[in-house]
Amino acid sequence: MGHWLRIGEIELLVVSDGVLRQDAGAVFGLVPRIMWERYVPQLDDKYRLPLGLNMLLIRSGGKTILVDTGCGAKDSKMPGAVSTAESGKLVENLAAEGVQPGDIDIVANTHLHFDHAGGNTATGGDRVVPTFPNARYLIQEGEWQAATHPNERTRGTYLEENLAPIEDAKQLDLVRGEVEIASGVRMVPAPGHTEDHCVVEIESGGDYALYVGEMAQQPVMLERLAWVSAFDILPMVSIETKRRFTEKAIEKRALLISVHADYPGLGRLTTANSKRRWEPAE
Ligand SMILES: [Zn+2]
């Protein structure tokens with residue numbers, strides 16, 4: 001069963017790709033373990049944190065949009081201590097809600113790391129092909145450039161098999177900056193995690209929701225601006241990006257969708273005694 005929600009005229013469904021296990025120290029960067037430990041689920045015997053993979057399906061103005069695609073079900077080589085053994089469930093979880101791959105009109109990637117773009121493609125016969133045959137894939141031009149020209153640090157997370165088949169199938173639409181992808185649905189630059197990372201804003205009938213992408217890996221990192229992951233390319237920019245979007249979220253009482261919190265990753269930010277607080281929402 002999925003979490004269907006409504007923002008004004010727009011329908012949302014948080015749909016899971018499963019669980020990703022990632023080195024917990026890397027997730028929290030400079031923050032000492034004794035400070036973050038109490039806020040997160042139990043680590044496994046390899047000190048990995050179980051991360052949710054909360055993707056977002058949006059129906060607006062007759063269009064069906066999928067934001068991020070999880071790790072995918074291909075047998076990809078993973079960087080470091082990462083485990084994707086419990087992920088790759090997006091297509092079956094969509095099917096359980098009556099949504100077939102051919103129903104998706106638009107895929108929007110917040111960025112192209114393997115856990116957000118891995119499900120862009122799937123194995124089809126002896127080839128890798130776009131998972132969503134009728135979709136336009138909306139990707140920021142700068143992110144595409146970074147992903148297709150990776151460096152020593154980013155190579156492990158930008159996998160060619162998640163990218164090239166989209167271009168080969170002529171389903172790639174490169175975009176620049178803020179773009180309205182359907183009525184009330186906007187891709188908005190939120191740099192820090194990567195230079196061209198985006199969030200997705202959903203606004204209709206006075207209601208506002210924000211898919212935070214990798215602006216924060218865990219809700220506690222939205223509460224504490226200085227808690228920035230070691231994966232972020234531009235950590236000082238991440239802090240300013242979080243400041244801007246969290247202030248707006250508090251002011252507008254936004255429904256927030258956290259990609260890597262436990263499913264479904266829904267919550268709201270409030271302030272009490274000048275401290276931000278994440279309150280889970282249903
Ligand atoms: Zn991620």
# chains A, B, ... in the order shown; residues from 1 in each chain; ligands from 1
$ select_by_dssp --residues "range 118-189 of chain A" --states "helix (DSSP H, G or I)" --output "list in words"
Gly118, Gly119, Asn120, Glu141, Gly142, Glu143, Trp144, Gln145, Ala146, Ala147, Thr148, Glu160, Glu161, Asn162, Ala164, Pro165, Ile166, Glu167 and Asp168 of chain A
$ write_last_selection --atoms "N, CA, C and O atoms" --output "PDB file, in the first residue's frame"
ATOM      1  N   GLY A 118      19.638   5.147 -10.673  1.00  0.00           N
ATOM      2  CA  GLY A 118      19.894   3.745 -11.033  1.00  0.00           C
ATOM      3  C   GLY A 118      18.709   3.095 -11.720  1.00  0.00           C
ATOM      4  O   GLY A 118      18.863   2.245 -12.592  1.00  0.00           O
ATOM      5  N   GLY A 119      17.499   3.515 -11.310  1.00  0.00           N
ATOM      6  CA  GLY A 119      16.287   2.961 -11.921  1.00  0.00           C
ATOM      7  C   GLY A 119      15.889   3.671 -13.206  1.00  0.00           C
ATOM      8  O   GLY A 119      14.856   3.363 -13.784  1.00  0.00           O
ATOM      9  N   ASN A 120      16.706   4.619 -13.667  1.00  0.00           N
ATOM     10  CA  ASN A 120      16.435   5.247 -14.976  1.00  0.00           C
ATOM     11  C   ASN A 120      16.429   4.202 -16.080  1.00  0.00           C
ATOM     12  O   ASN A 120      15.725   4.346 -17.073  1.00  0.00           O
ATOM     13  N   GLU A 141      21.435  20.317 -17.098  1.00  0.00           N
ATOM     14  CA  GLU A 141      22.560  20.202 -18.031  1.00  0.00           C
ATOM     15  C   GLU A 141      23.903  20.068 -17.293  1.00  0.00           C
ATOM     16  O   GLU A 141      24.742  19.235 -17.650  1.00  0.00           O
ATOM     17  N   GLY A 142      24.089  20.890 -16.246  1.00  0.00           N
ATOM     18  CA  GLY A 142      25.355  20.835 -15.503  1.00  0.00           C
ATOM     19  C   GLY A 142      25.544  19.493 -14.810  1.00  0.00           C
ATOM     20  O   GLY A 142      26.666  18.969 -14.725  1.00  0.00           O
ATOM     21  N   GLU A 143      24.457  18.929 -14.301  1.00  0.00           N
ATOM     22  CA  GLU A 143      24.544  17.619 -13.652  1.00  0.00           C
ATOM     23  C   GLU A 143      24.894  16.542 -14.676  1.00  0.00           C
ATOM     24  O   GLU A 143      25.695  15.645 -14.411  1.00  0.00           O
ATOM     25  N   TRP A 144      24.301  16.641 -15.865  1.00  0.00           N
ATOM     26  CA  TRP A 144      24.617  15.696 -16.937  1.00  0.00           C
ATOM     27  C   TRP A 144      26.106  15.776 -17.301  1.00  0.00           C
ATOM     28  O   TRP A 144      26.774  14.757 -17.449  1.00  0.00           O
ATOM     29  N   GLN A 145      26.620  17.003 -17.390  1.00  0.00           N
ATOM     30  CA  GLN A 145      28.041  17.179 -17.709  1.00  0.00           C
ATOM     31  C   GLN A 145      28.919  16.565 -16.618  1.00  0.00           C
ATOM     32  O   GLN A 145      29.889  15.867 -16.912  1.00  0.00           O
ATOM     33  N   ALA A 146      28.560  16.829 -15.349  1.00  0.00           N
ATOM     34  CA  ALA A 146      29.349  16.282 -14.231  1.00  0.00           C
ATOM     35  C   ALA A 146      29.317  14.753 -14.246  1.00  0.00           C
ATOM     36  O   ALA A 146      30.318  14.084 -13.991  1.00  0.00           O
ATOM     37  N   ALA A 147      28.152  14.201 -14.571  1.00  0.00           N
ATOM     38  CA  ALA A 147      27.984  12.746 -14.516  1.00  0.00           C
ATOM     39  C   ALA A 147      28.669  12.043 -15.682  1.00  0.00           C
ATOM     40  O   ALA A 147      29.153  10.918 -15.535  1.00  0.00           O
ATOM     41  N   THR A 148      28.686  12.707 -16.833  1.00  0.00           N
ATOM     42  CA  THR A 148      29.293  12.061 -17.997  1.00  0.00           C
ATOM     43  C   THR A 148      30.787  12.375 -18.112  1.00  0.00           C
ATOM     44  O   THR A 148      31.471  11.817 -18.962  1.00  0.00           O
ATOM     45  N   GLU A 160      27.730   4.912 -16.045  1.00  0.00           N
ATOM     46  CA  GLU A 160      27.370   5.151 -17.440  1.00  0.00           C
ATOM     47  C   GLU A 160      26.093   4.423 -17.850  1.00  0.00           C
ATOM     48  O   GLU A 160      25.294   4.929 -18.636  1.00  0.00           O
ATOM     49  N   GLU A 161      25.887   3.228 -17.288  1.00  0.00           N
ATOM     50  CA  GLU A 161      24.709   2.422 -17.667  1.00  0.00           C
ATOM     51  C   GLU A 161      23.388   3.077 -17.236  1.00  0.00           C
ATOM     52  O   GLU A 161      22.322   2.679 -17.699  1.00  0.00           O
ATOM     53  N   ASN A 162      23.459   4.072 -16.315  1.00  0.00           N
ATOM     54  CA  ASN A 162      22.249   4.794 -15.905  1.00  0.00           C
ATOM     55  C   ASN A 162      21.979   6.010 -16.792  1.00  0.00           C
ATOM     56  O   ASN A 162      20.929   6.651 -16.655  1.00  0.00           O
ATOM     57  N   ALA A 164      23.848   6.715 -20.459  1.00  0.00           N
ATOM     58  CA  ALA A 164      23.976   6.601 -21.914  1.00  0.00           C
ATOM     59  C   ALA A 164      22.715   6.038 -22.598  1.00  0.00           C
ATOM     60  O   ALA A 164      22.307   6.561 -23.645  1.00  0.00           O
ATOM     61  N   PRO A 165      22.069   5.005 -22.045  1.00  0.00           N
ATOM     62  CA  PRO A 165      20.881   4.470 -22.738  1.00  0.00           C
ATOM     63  C   PRO A 165      19.748   5.497 -22.881  1.00  0.00           C
ATOM     64  O   PRO A 165      18.959   5.415 -23.834  1.00  0.00           O
ATOM     65  N   ILE A 166      19.678   6.475 -21.982  1.00  0.00           N
ATOM     66  CA  ILE A 166      18.645   7.521 -22.070  1.00  0.00           C
ATOM     67  C   ILE A 166      18.926   8.407 -23.284  1.00  0.00           C
ATOM     68  O   ILE A 166      18.017   8.746 -24.055  1.00  0.00           O
ATOM     69  N   GLU A 167      20.195   8.771 -23.439  1.00  0.00           N
ATOM     70  CA  GLU A 167      20.588   9.599 -24.579  1.00  0.00           C
ATOM     71  C   GLU A 167      20.446   8.807 -25.886  1.00  0.00           C
ATOM     72  O   GLU A 167      19.905   9.322 -26.874  1.00  0.00           O
ATOM     73  N   ASP A 168      20.881   7.547 -25.869  1.00  0.00           N
ATOM     74  CA  ASP A 168      20.800   6.715 -27.080  1.00  0.00           C
ATOM     75  C   ASP A 168      19.352   6.569 -27.552  1.00  0.00           C
ATOM     76  O   ASP A 168      19.082   6.526 -28.751  1.00  0.00           O
TER      77      ASP A 168
END
$ residues_near_ligand --ligand "ligand 1" --cutoff "9 Å" --atoms "only C-alpha atoms and all ligand atoms" --output "JSON, numbers by chain"
{"A": [20, 51, 53, 70, 111, 113, 114, 115, 116, 213, 214, 217, 259, 260]}
$ select_by_dssp --residues "range 29-95 of chain A" --states "strand (DSSP E)" --output "MDAnalysis selection string"
chainID A and resid 48:60 63:67
$ residues_around --residues "Leu266 in chain A" --least-positions-apart "3" --cutoff "10 Å" --atoms "only C-alpha atoms" --output "list in words"
His3, Val14, Asn54, Ala209, Leu210, Tyr211, Pro219, Leu255, Leu256, Ile257, Ser258, Val259, Ala261, Asp262, Tyr263, Trp278, Glu279, Pro280, Ala281 and Glu282 of chain A
$ residues_around --residues "Pro41 in chain A" --least-positions-apart "3" --cutoff "12 Å" --atoms "only C-alpha atoms" --output "number ranges by chain"
A: 21, 24, 36-38, 44, 47-52, 218, 260-262
$ atom_distance --atom1 "CA of Thr110 in chain A" --atom2 "CA of Cys198 in chain A"
4.7 Å
$ atom_distance --atom1 "CA of Ile65 in chain A" --atom2 "CA of Val82 in chain A"
28.0 Å
$ decode --residues "range 135-160 of chain A" --atoms "N, CA and C atoms" --output "CSV table (one decimal), in the first residue's frame"
chain,number,residue,atom,x,y,z
A,135,ALA,N,8.7,8.0,-21.4
A,135,ALA,CA,9.0,9.2,-20.6
A,135,ALA,C,10.1,10.1,-21.3
A,136,ARG,N,9.9,11.4,-21.1
A,136,ARG,CA,11.0,12.3,-21.3
A,136,ARG,C,11.8,12.4,-19.9
A,137,TYR,N,13.1,12.3,-20.0
A,137,TYR,CA,14.0,12.4,-18.8
A,137,TYR,C,14.5,13.8,-18.6
A,138,LEU,N,14.1,14.5,-17.6
A,138,LEU,CA,14.5,15.9,-17.4
A,138,LEU,C,15.7,15.9,-16.4
A,139,ILE,N,16.8,16.4,-16.9
A,139,ILE,CA,18.0,16.4,-16.1
A,139,ILE,C,18.7,17.8,-16.3
A,140,GLN,N,19.2,18.3,-15.2
A,140,GLN,CA,20.0,19.6,-15.4
A,140,GLN,C,21.2,19.4,-16.2
A,141,GLU,N,21.4,20.3,-17.1
A,141,GLU,CA,22.6,20.2,-18.0
A,141,GLU,C,23.9,20.1,-17.3
A,142,GLY,N,24.1,20.9,-16.2
A,142,GLY,CA,25.4,20.8,-15.5
A,142,GLY,C,25.5,19.5,-14.8
A,143,GLU,N,24.5,18.9,-14.3
A,143,GLU,CA,24.5,17.6,-13.7
A,143,GLU,C,24.9,16.5,-14.7
A,144,TRP,N,24.3,16.6,-15.9
A,144,TRP,CA,24.6,15.7,-16.9
A,144,TRP,C,26.1,15.8,-17.3
A,145,GLN,N,26.6,17.0,-17.4
A,145,GLN,CA,28.0,17.2,-17.7
A,145,GLN,C,28.9,16.6,-16.6
A,146,ALA,N,28.6,16.8,-15.3
A,146,ALA,CA,29.3,16.3,-14.2
A,146,ALA,C,29.3,14.8,-14.2
A,147,ALA,N,28.2,14.2,-14.6
A,147,ALA,CA,28.0,12.7,-14.5
A,147,ALA,C,28.7,12.0,-15.7
A,148,THR,N,28.7,12.7,-16.8
A,148,THR,CA,29.3,12.1,-18.0
A,148,THR,C,30.8,12.4,-18.1
A,149,HIS,N,31.3,13.3,-17.3
A,149,HIS,CA,32.7,13.5,-17.2
A,149,HIS,C,33.2,13.4,-15.7
A,150,PRO,N,33.0,12.3,-15.1
A,150,PRO,CA,33.3,12.1,-13.7
A,150,PRO,C,34.8,12.2,-13.4
A,151,ASN,N,35.1,12.6,-12.2
A,151,ASN,CA,36.5,12.7,-11.8
A,151,ASN,C,36.8,11.5,-10.8
A,152,GLU,N,38.0,11.5,-10.2
A,152,GLU,CA,38.4,10.5,-9.3
A,152,GLU,C,37.5,10.3,-8.1
A,153,ARG,N,36.9,11.4,-7.7
A,153,ARG,CA,36.0,11.4,-6.5
A,153,ARG,C,34.6,10.9,-6.9
A,154,THR,N,34.1,11.3,-8.1
A,154,THR,CA,32.7,11.1,-8.4
A,154,THR,C,32.5,9.8,-9.2
A,155,ARG,N,33.6,9.2,-9.7
A,155,ARG,CA,33.4,8.1,-10.7
A,155,ARG,C,32.6,7.0,-10.2
A,156,GLY,N,32.7,6.6,-8.9
A,156,GLY,CA,32.0,5.5,-8.4
A,156,GLY,C,30.5,5.6,-8.4
A,157,THR,N,30.0,6.8,-8.3
A,157,THR,CA,28.6,7.0,-8.2
A,157,THR,C,27.9,7.4,-9.4
A,158,TYR,N,28.6,7.9,-10.5
A,158,TYR,CA,28.0,8.2,-11.8
A,158,TYR,C,28.2,7.1,-12.7
A,159,LEU,N,27.3,6.2,-12.9
A,159,LEU,CA,27.4,5.0,-13.7
A,159,LEU,C,26.9,5.2,-15.1
A,160,GLU,N,27.7,4.9,-16.0
A,160,GLU,CA,27.4,5.2,-17.4
A,160,GLU,C,26.1,4.4,-17.9
